[in-house]
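Engineer: I'd like to ask you about the structure that follows.
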Amino acid sequence: MYNVPVKIESIERRKRLTAPLHIIASLFLIINAGILIKHLNYQQLLLLYPIYAVALVSIIYAISLKKWNKRATYNLWMRIAQFICFAWLGFIFIPFANTISIITLFLWAIITLLLIFTERRIYHKTDLQLTKEGILIPGQRTHKSLPWQQVQDFIIRPDFITIIRTNQLYVQLEILKKIDADQLHNMNHFSAEQIKNHNQILNKV
């Protein structure tokens with residue numbers, strides 16, 4: 001079996017949304033913390049320090065995602081902190097705020113809870129796998145299995161993989177790391193052998 005790290009555009013698009021969602025969540029926390037400060041008549045401000053801390057760290061973290069932290073190392077913990085803040089503000093708002101404000105806060109708590117699970121998937125390794133049964137193409141939720149019987153040609157170059165299906169549709173995927181020439185040769189040979197063997201089986205049937 002061979003593993004090749006590839007770029008999946010649908011996953012990359014979803015990754016690009018992570019930083020803006022952190023910033024939007026942070027701004028919403030800051031706005032609602034400001035509302036709570038006015039309600040408390042600028043007293044007991046110590047209670048709001050964690051909210052502002054989470055919001056500030058989330059903004060810094062969002063910036064780091066684009067520059068230094070593309071693997072989103074602490075994304076899970078940031079989302080958990082945001083969920084706790086939104087849920088806590090939601091409960092605090094119940095005695096004095098209007099229904100829409102309370103529902104919005106709890107809705108954001110639910111959104112951050114969902115993001116905990118969905119964002120964990122998109123930051124996993126996106127390795128295309130070559131096996132004796134077929135090709136496994138990574139996706140956001142599950143790998144897509146493509147049996148060799150449905151593959152007409154498989155070509156791997158230093159920068160791209162091209163998969164041509166028997167129905168003449170094709171897929172091109174960008175390779176994310178350098179692969180040496182011998183490895184490229186072995187993978188091309190392996191795929192050619194699998195396509196040939198499975199075609200022979202189909203012809204006998």
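Going through the structure tokens in order, the chains are called A, B, and so on, while each chain numbers its residues from 1 and the ligands are numbered from 1 in the order shown.
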Please list as a ChimeraX atom specification every residue within 10 Å of Phe83 (chain A), counting only C-alpha atoms and excluding residues in the same chain fewer than 2 positions away.
Structural biologist: /A:25,77-81,85-89,105-106,108-116
Engineer: Among region 21-187 of chain A, which ones does DSSP place in strand (DSSP E or B), written as a PDB file with N, CA and C atoms, in the first residue's frame?
Structural biologist:
ATOM      1  N   ASP A 127      -4.298  11.826   2.933  1.00  0.00           N
ATOM      2  CA  ASP A 127      -3.455  10.916   2.162  1.00  0.00           C
ATOM      3  C   ASP A 127      -4.289  10.093   1.192  1.00  0.00           C
ATOM      4  N   LEU A 128      -3.923  10.165  -0.074  1.00  0.00           N
ATOM      5  CA  LEU A 128      -4.494   9.247  -1.060  1.00  0.00           C
ATOM      6  C   LEU A 128      -3.793   7.909  -0.884  1.00  0.00           C
ATOM      7  N   GLN A 129      -4.556   6.818  -0.887  1.00  0.00           N
ATOM      8  CA  GLN A 129      -3.985   5.496  -0.641  1.00  0.00           C
ATOM      9  C   GLN A 129      -4.165   4.603  -1.861  1.00  0.00           C
ATOM     10  N   LEU A 130      -3.094   3.918  -2.216  1.00  0.00           N
ATOM     11  CA  LEU A 130      -3.145   2.910  -3.280  1.00  0.00           C
ATOM     12  C   LEU A 130      -3.081   1.537  -2.630  1.00  0.00           C
ATOM     13  N   GLY A 134      -8.011  -0.965  -4.676  1.00  0.00           N
ATOM     14  CA  GLY A 134      -8.355   0.242  -5.421  1.00  0.00           C
ATOM     15  C   GLY A 134      -7.677   1.477  -4.844  1.00  0.00           C
ATOM     16  N   ILE A 135      -8.256   2.630  -5.153  1.00  0.00           N
ATOM     17  CA  ILE A 135      -7.709   3.920  -4.718  1.00  0.00           C
ATOM     18  C   ILE A 135      -8.652   4.521  -3.682  1.00  0.00           C
ATOM     19  N   LEU A 136      -8.098   4.963  -2.557  1.00  0.00           N
ATOM     20  CA  LEU A 136      -8.891   5.637  -1.532  1.00  0.00           C
ATOM     21  C   LEU A 136      -8.564   7.131  -1.586  1.00  0.00           C
ATOM     22  N   ILE A 137      -9.577   7.942  -1.919  1.00  0.00           N
ATOM     23  CA  ILE A 137      -9.398   9.383  -2.040  1.00  0.00           C
ATOM     24  C   ILE A 137      -9.964  10.042  -0.788  1.00  0.00           C
ATOM     25  N   LYS A 144     -13.313   8.180  -0.249  1.00  0.00           N
ATOM     26  CA  LYS A 144     -14.048   7.648  -1.379  1.00  0.00           C
ATOM     27  C   LYS A 144     -13.240   6.520  -1.999  1.00  0.00           C
ATOM     28  N   SER A 145     -13.865   5.359  -2.112  1.00  0.00           N
ATOM     29  CA  SER A 145     -13.177   4.197  -2.656  1.00  0.00           C
ATOM     30  C   SER A 145     -13.439   4.082  -4.157  1.00  0.00           C
ATOM     31  N   LEU A 146     -12.342   3.936  -4.913  1.00  0.00           N
ATOM     32  CA  LEU A 146     -12.450   3.793  -6.364  1.00  0.00           C
ATOM     33  C   LEU A 146     -11.775   2.476  -6.750  1.00  0.00           C
ATOM     34  N   PRO A 147     -12.558   1.413  -7.042  1.00  0.00           N
ATOM     35  CA  PRO A 147     -11.965   0.116  -7.400  1.00  0.00           C
ATOM     36  C   PRO A 147     -11.156   0.212  -8.694  1.00  0.00           C
ATOM     37  N   VAL A 151     -10.928   2.182 -13.058  1.00  0.00           N
ATOM     38  CA  VAL A 151      -9.809   3.066 -13.395  1.00  0.00           C
ATOM     39  C   VAL A 151      -9.206   2.654 -14.732  1.00  0.00           C
ATOM     40  N   GLN A 152      -9.140   3.584 -15.649  1.00  0.00           N
ATOM     41  CA  GLN A 152      -8.524   3.330 -16.953  1.00  0.00           C
ATOM     42  C   GLN A 152      -7.024   3.614 -16.926  1.00  0.00           C
ATOM     43  N   ASP A 153      -6.646   4.661 -16.205  1.00  0.00           N
ATOM     44  CA  ASP A 153      -5.229   5.000 -16.109  1.00  0.00           C
ATOM     45  C   ASP A 153      -4.970   5.776 -14.827  1.00  0.00           C
ATOM     46  N   PHE A 154      -3.774   5.576 -14.276  1.00  0.00           N
ATOM     47  CA  PHE A 154      -3.344   6.290 -13.078  1.00  0.00           C
ATOM     48  C   PHE A 154      -1.922   6.771 -13.328  1.00  0.00           C
ATOM     49  N   ILE A 155      -1.725   8.083 -13.257  1.00  0.00           N
ATOM     50  CA  ILE A 155      -0.410   8.668 -13.541  1.00  0.00           C
ATOM     51  C   ILE A 155      -0.018   9.568 -12.369  1.00  0.00           C
ATOM     52  N   ILE A 156       1.141   9.299 -11.798  1.00  0.00           N
ATOM     53  CA  ILE A 156       1.641  10.145 -10.722  1.00  0.00           C
ATOM     54  C   ILE A 156       2.936  10.812 -11.174  1.00  0.00           C
ATOM     55  N   PHE A 160       1.635  16.307  -9.471  1.00  0.00           N
ATOM     56  CA  PHE A 160       0.212  16.010  -9.622  1.00  0.00           C
ATOM     57  C   PHE A 160      -0.038  14.519  -9.787  1.00  0.00           C
ATOM     58  N   ILE A 161      -1.238  14.122  -9.385  1.00  0.00           N
ATOM     59  CA  ILE A 161      -1.752  12.779  -9.670  1.00  0.00           C
ATOM     60  C   ILE A 161      -2.945  12.938 -10.614  1.00  0.00           C
ATOM     61  N   THR A 162      -2.974  12.127 -11.653  1.00  0.00           N
ATOM     62  CA  THR A 162      -4.115  12.130 -12.574  1.00  0.00           C
ATOM     63  C   THR A 162      -4.747  10.746 -12.571  1.00  0.00           C
ATOM     64  N   ILE A 163      -6.034  10.711 -12.306  1.00  0.00           N
ATOM     65  CA  ILE A 163      -6.796   9.456 -12.323  1.00  0.00           C
ATOM     66  C   ILE A 163      -7.835   9.547 -13.439  1.00  0.00           C
ATOM     67  N   ILE A 164      -7.739   8.663 -14.417  1.00  0.00           N
ATOM     68  CA  ILE A 164      -8.703   8.629 -15.512  1.00  0.00           C
ATOM     69  C   ILE A 164      -9.595   7.411 -15.315  1.00  0.00           C
ATOM     70  N   ARG A 165     -10.888   7.658 -15.226  1.00  0.00           N
ATOM     71  CA  ARG A 165     -11.836   6.575 -14.993  1.00  0.00           C
ATOM     72  C   ARG A 165     -12.288   5.959 -16.313  1.00  0.00           C
ATOM     73  N   TYR A 170     -12.110  12.328 -15.257  1.00  0.00           N
ATOM     74  CA  TYR A 170     -10.785  12.273 -14.658  1.00  0.00           C
ATOM     75  C   TYR A 170     -10.698  13.215 -13.449  1.00  0.00           C
ATOM     76  N   VAL A 171      -9.745  12.905 -12.575  1.00  0.00           N
ATOM     77  CA  VAL A 171      -9.504  13.695 -11.372  1.00  0.00           C
ATOM     78  C   VAL A 171      -8.026  14.045 -11.334  1.00  0.00           C
ATOM     79  N   GLN A 172      -7.726  15.309 -11.025  1.00  0.00           N
ATOM     80  CA  GLN A 172      -6.335  15.723 -10.820  1.00  0.00           C
ATOM     81  C   GLN A 172      -6.174  16.252  -9.407  1.00  0.00           C
ATOM     82  N   LEU A 173      -5.155  15.758  -8.720  1.00  0.00           N
ATOM     83  CA  LEU A 173      -4.908  16.147  -7.334  1.00  0.00           C
ATOM     84  C   LEU A 173      -3.468  16.622  -7.190  1.00  0.00           C
ATOM     85  N   GLU A 174      -3.298  17.733  -6.475  1.00  0.00           N
ATOM     86  CA  GLU A 174      -1.961  18.270  -6.240  1.00  0.00           C
ATOM     87  C   GLU A 174      -1.283  17.512  -5.096  1.00  0.00           C
ATOM     88  N   ILE A 175      -0.024  17.147  -5.291  1.00  0.00           N
ATOM     89  CA  ILE A 175       0.756  16.453  -4.265  1.00  0.00           C
ATOM     90  C   ILE A 175       1.376  17.485  -3.327  1.00  0.00           C
TER      91      ILE A 175
END
Engineer: So, counting only C-alpha atoms, which residue among A:Val6, A:Gly34, A:Leu45, A:Ser58 is closest to Ala19 (chain A)?
Structural biologist: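 With only C-alpha atoms as the atom set, the closest residue is A:Ser58.
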Engineer: Excluding Leu48 (chain A) and its own-chain neighbours fewer than 2 positions away, which residues fall within 12 Å of it when counting only C-alpha atoms? Please give them as an mmCIF file with N, CA and C atoms, in the first residue's frame.
Structural biologist:
data_model
loop_
_atom_site.group_PDB
_atom_site.id
_atom_site.type_symbol
_atom_site.label_atom_id
_atom_site.label_comp_id
_atom_site.auth_asym_id
_atom_site.auth_seq_id
_atom_site.Cartn_x
_atom_site.Cartn_y
_atom_site.Cartn_z
ATOM 1 N N LEU A 29 -18.329 37.756 21.192
ATOM 2 C CA LEU A 29 -18.068 37.668 22.632
ATOM 3 C C LEU A 29 -17.792 39.043 23.222
ATOM 4 N N ILE A 30 -16.985 39.840 22.526
ATOM 5 C CA ILE A 30 -16.634 41.182 23.014
ATOM 6 C C ILE A 30 -17.871 42.077 23.100
ATOM 7 N N ILE A 31 -18.723 42.015 22.067
ATOM 8 C CA ILE A 31 -19.945 42.836 22.043
ATOM 9 C C ILE A 31 -20.853 42.487 23.213
ATOM 10 N N ASN A 32 -21.050 41.188 23.442
ATOM 11 C CA ASN A 32 -21.968 40.770 24.506
ATOM 12 C C ASN A 32 -21.364 40.975 25.889
ATOM 13 N N ALA A 33 -20.047 40.885 25.994
ATOM 14 C CA ALA A 33 -19.403 41.207 27.264
ATOM 15 C C ALA A 33 -19.591 42.688 27.581
ATOM 16 N N GLY A 34 -19.553 43.539 26.543
ATOM 17 C CA GLY A 34 -19.804 44.971 26.730
ATOM 18 C C GLY A 34 -21.219 45.243 27.217
ATOM 19 N N ILE A 35 -22.188 44.496 26.678
ATOM 20 C CA ILE A 35 -23.581 44.638 27.130
ATOM 21 C C ILE A 35 -23.697 44.256 28.601
ATOM 22 N N LEU A 36 -22.996 43.178 28.976
ATOM 23 C CA LEU A 36 -23.054 42.723 30.373
ATOM 24 C C LEU A 36 -22.381 43.731 31.306
ATOM 25 N N ILE A 37 -21.306 44.370 30.864
ATOM 26 C CA ILE A 37 -20.632 45.392 31.677
ATOM 27 C C ILE A 37 -21.600 46.531 32.008
ATOM 28 N N LYS A 38 -22.357 46.986 31.005
ATOM 29 C CA LYS A 38 -23.328 48.063 31.246
ATOM 30 C C LYS A 38 -24.402 47.615 32.217
ATOM 31 N N LEU A 40 -24.093 45.497 34.591
ATOM 32 C CA LEU A 40 -23.500 45.399 35.929
ATOM 33 C C LEU A 40 -23.019 46.752 36.447
ATOM 34 N N TYR A 42 -20.667 48.612 35.430
ATOM 35 C CA TYR A 42 -19.208 48.637 35.430
ATOM 36 C C TYR A 42 -18.618 48.135 36.750
ATOM 37 N N GLN A 43 -19.340 47.237 37.390
ATOM 38 C CA GLN A 43 -18.853 46.587 38.601
ATOM 39 C C GLN A 43 -18.653 45.090 38.320
ATOM 40 N N GLN A 44 -17.954 44.421 39.208
ATOM 41 C CA GLN A 44 -17.669 42.983 39.081
ATOM 42 C C GLN A 44 -17.019 42.666 37.722
ATOM 43 N N LEU A 45 -16.129 43.544 37.279
ATOM 44 C CA LEU A 45 -15.486 43.363 35.976
ATOM 45 C C LEU A 45 -14.591 42.125 35.943
ATOM 46 N N LEU A 46 -14.171 41.666 37.114
ATOM 47 C CA LEU A 46 -13.321 40.487 37.173
ATOM 48 C C LEU A 46 -13.991 39.275 36.527
ATOM 49 N N PRO A 50 -12.167 36.593 31.837
ATOM 50 C CA PRO A 50 -11.988 35.373 31.024
ATOM 51 C C PRO A 50 -12.613 35.500 29.624
ATOM 52 N N ILE A 51 -13.765 36.217 29.527
ATOM 53 C CA ILE A 51 -14.417 36.391 28.221
ATOM 54 C C ILE A 51 -13.510 37.178 27.280
ATOM 55 N N TYR A 52 -12.985 38.288 27.780
ATOM 56 C CA TYR A 52 -12.096 39.104 26.948
ATOM 57 C C TYR A 52 -10.798 38.362 26.633
ATOM 58 N N ALA A 53 -10.312 37.567 27.575
ATOM 59 C CA ALA A 53 -9.086 36.795 27.339
ATOM 60 C C ALA A 53 -9.289 35.780 26.218
ATOM 61 N N VAL A 54 -10.407 35.073 26.270
ATOM 62 C CA VAL A 54 -10.707 34.081 25.224
ATOM 63 C C VAL A 54 -10.872 34.764 23.868
ATOM 64 N N ALA A 55 -11.570 35.907 23.863
ATOM 65 C CA ALA A 55 -11.778 36.638 22.606
ATOM 66 C C ALA A 55 -10.448 37.112 22.015
ATOM 67 N N CYS A 85 -17.709 30.067 27.041
ATOM 68 C CA CYS A 85 -18.004 31.495 27.172
ATOM 69 C C CYS A 85 -19.410 31.826 26.671
ATOM 70 N N TRP A 88 -21.978 30.309 29.099
ATOM 71 C CA TRP A 88 -21.992 31.059 30.367
ATOM 72 C C TRP A 88 -22.699 32.402 30.188
ATOM 73 N N LEU A 89 -22.388 33.122 29.107
ATOM 74 C CA LEU A 89 -23.067 34.404 28.843
ATOM 75 C C LEU A 89 -24.562 34.193 28.640
ATOM 76 N N ILE A 92 -26.132 33.863 32.014
ATOM 77 C CA ILE A 92 -26.077 35.144 32.719
ATOM 78 C C ILE A 92 -27.116 36.130 32.163
#
